[in-house]
Amino acid sequence: MQKLGIVAPRGARGSLRRRVRAAAVIAVPLLGGCRETLTQVESGVVESGTWPALQIEQLLPSLGDAIGTGQPGAEVMAVVDRWEASWDHGTAVGGDLRQVVYLDAAALPLTVDSVAVRVATESVREALAEVSRFGGSLPPHLTTRIDDAGRFLREAEMARGVGDWSRAGLAGVRAADALRETSPRSVALTLAEVVEDALGPPPPEVGAEPVGMARARRLAWWSRIAIRREQYSLAIQRGYYACLLLGVRLP
């Protein structure tokens, strides 16, 4: 299972897990979601000098946290698995995959735990409050997703108000996903994919492409290595400088 770039604060992680566990006892069991296992660092803006990302400590709900049935069926598990797999990609490819997942999840006959939905939306609210404390101006690729998170959170709360728990749960996940797309891992993957798309396949012979392209290709390769090692700040740096070498427009 791949990591999502969001970690919980030391003091809050156990509390949120206990609340989610209690919700599962009250109603339906929750499906397991991906969790970040990075070494903990202080929250804030990462790589502000290159292509910024947000290190958010607040634990965010997964799709599996928000939907479930008494006995999870193959269809539900397949949708959750596809959601998890979408985070192996940057925001363009991964975002397109998740749009399909959201539609498929909405079409399923789900029994959604109202208590778990409340916990999920509250965790998103706390994450947005954490982001608001970072201070300073943020670039559009971050502010757009923060705005999206706020919009989906409002949608989730409106759905909660009328007892539409299925819609509230999915909207809460979409709010959380918008924030996940600001994470160092997601930003690093996005830059790597942008560079790889711009480069295309490698030439058949070594030395058959301009020096700048060859350097960018090496940086893209090193960026992928850093991602596999969970060195996301280093991966962002390498992807960013590869984009500069290629003159590509950053997403």
# chains A, B, ... in the order shown; residues from 1 in each chain; ligands from 1
>>> residues_around(residues="Ala120 in chain A", least_positions_apart="2", cutoff="9 Å", atoms="only C-alpha atoms", output="PyMOL selection string")
chain A and resi 20+60-62+65-66+115-118+122-125+169+172-173+176
>>> residues_around(residues="Gly135 in chain A", least_positions_apart="5", cutoff="12 Å", atoms="only C-alpha atoms", output="list of chain:residue names")
A:Ser43, A:Gly44, A:Val45, A:Leu54, A:Ala129, A:Glu130
>>> write_last_selection(atoms="N, CA, C and O atoms", output="mmCIF file, in the first residue's frame")
data_model
loop_
_atom_site.group_PDB
_atom_site.id
_atom_site.type_symbol
_atom_site.label_atom_id
_atom_site.label_comp_id
_atom_site.auth_asym_id
_atom_site.auth_seq_id
_atom_site.Cartn_x
_atom_site.Cartn_y
_atom_site.Cartn_z
ATOM 1 N N SER A 43 4.390 20.335 10.787
ATOM 2 C CA SER A 43 3.544 20.676 9.651
ATOM 3 C C SER A 43 3.947 22.037 9.100
ATOM 4 O O SER A 43 4.557 22.853 9.782
ATOM 5 N N GLY A 44 3.588 22.278 7.869
ATOM 6 C CA GLY A 44 3.893 23.554 7.247
ATOM 7 C C GLY A 44 4.130 23.414 5.763
ATOM 8 O O GLY A 44 3.778 22.402 5.158
ATOM 9 N N VAL A 45 4.724 24.442 5.169
ATOM 10 C CA VAL A 45 4.989 24.463 3.737
ATOM 11 C C VAL A 45 6.340 23.814 3.473
ATOM 12 O O VAL A 45 7.343 24.161 4.088
ATOM 13 N N LEU A 54 2.310 20.937 0.970
ATOM 14 C CA LEU A 54 1.889 21.129 2.353
ATOM 15 C C LEU A 54 2.077 19.842 3.147
ATOM 16 O O LEU A 54 1.592 18.787 2.743
ATOM 17 N N ALA A 129 -8.112 24.024 9.350
ATOM 18 C CA ALA A 129 -7.685 24.990 10.369
ATOM 19 C C ALA A 129 -6.168 24.972 10.513
ATOM 20 O O ALA A 129 -5.529 26.023 10.686
ATOM 21 N N GLU A 130 -5.578 23.780 10.427
ATOM 22 C CA GLU A 130 -4.120 23.664 10.490
ATOM 23 C C GLU A 130 -3.475 24.407 9.324
ATOM 24 O O GLU A 130 -2.503 25.160 9.503
#
>>> atom_distance(atom1="CA of Tyr102 in chain A", atom2="CA of Asp197 in chain A")
26.0 Å
>>> closest_residue(among="A:Leu153, A:Met158, A:Ala226, A:Ala178", to="His141 in chain A", atoms="only C-alpha atoms")
A:Ala178
>>> residues_around(residues="range 232-241 of chain A", least_positions_apart="3", cutoff="10 Å", atoms="only C-alpha atoms", output="ChimeraX atom specification")
/A:5,46-47,49-53,183-196,215-229,244-248,250
>>> select_by_dssp(residues="range 10-206 of chain A", states="alpha helix (DSSP H)", output="count of residues only")
124
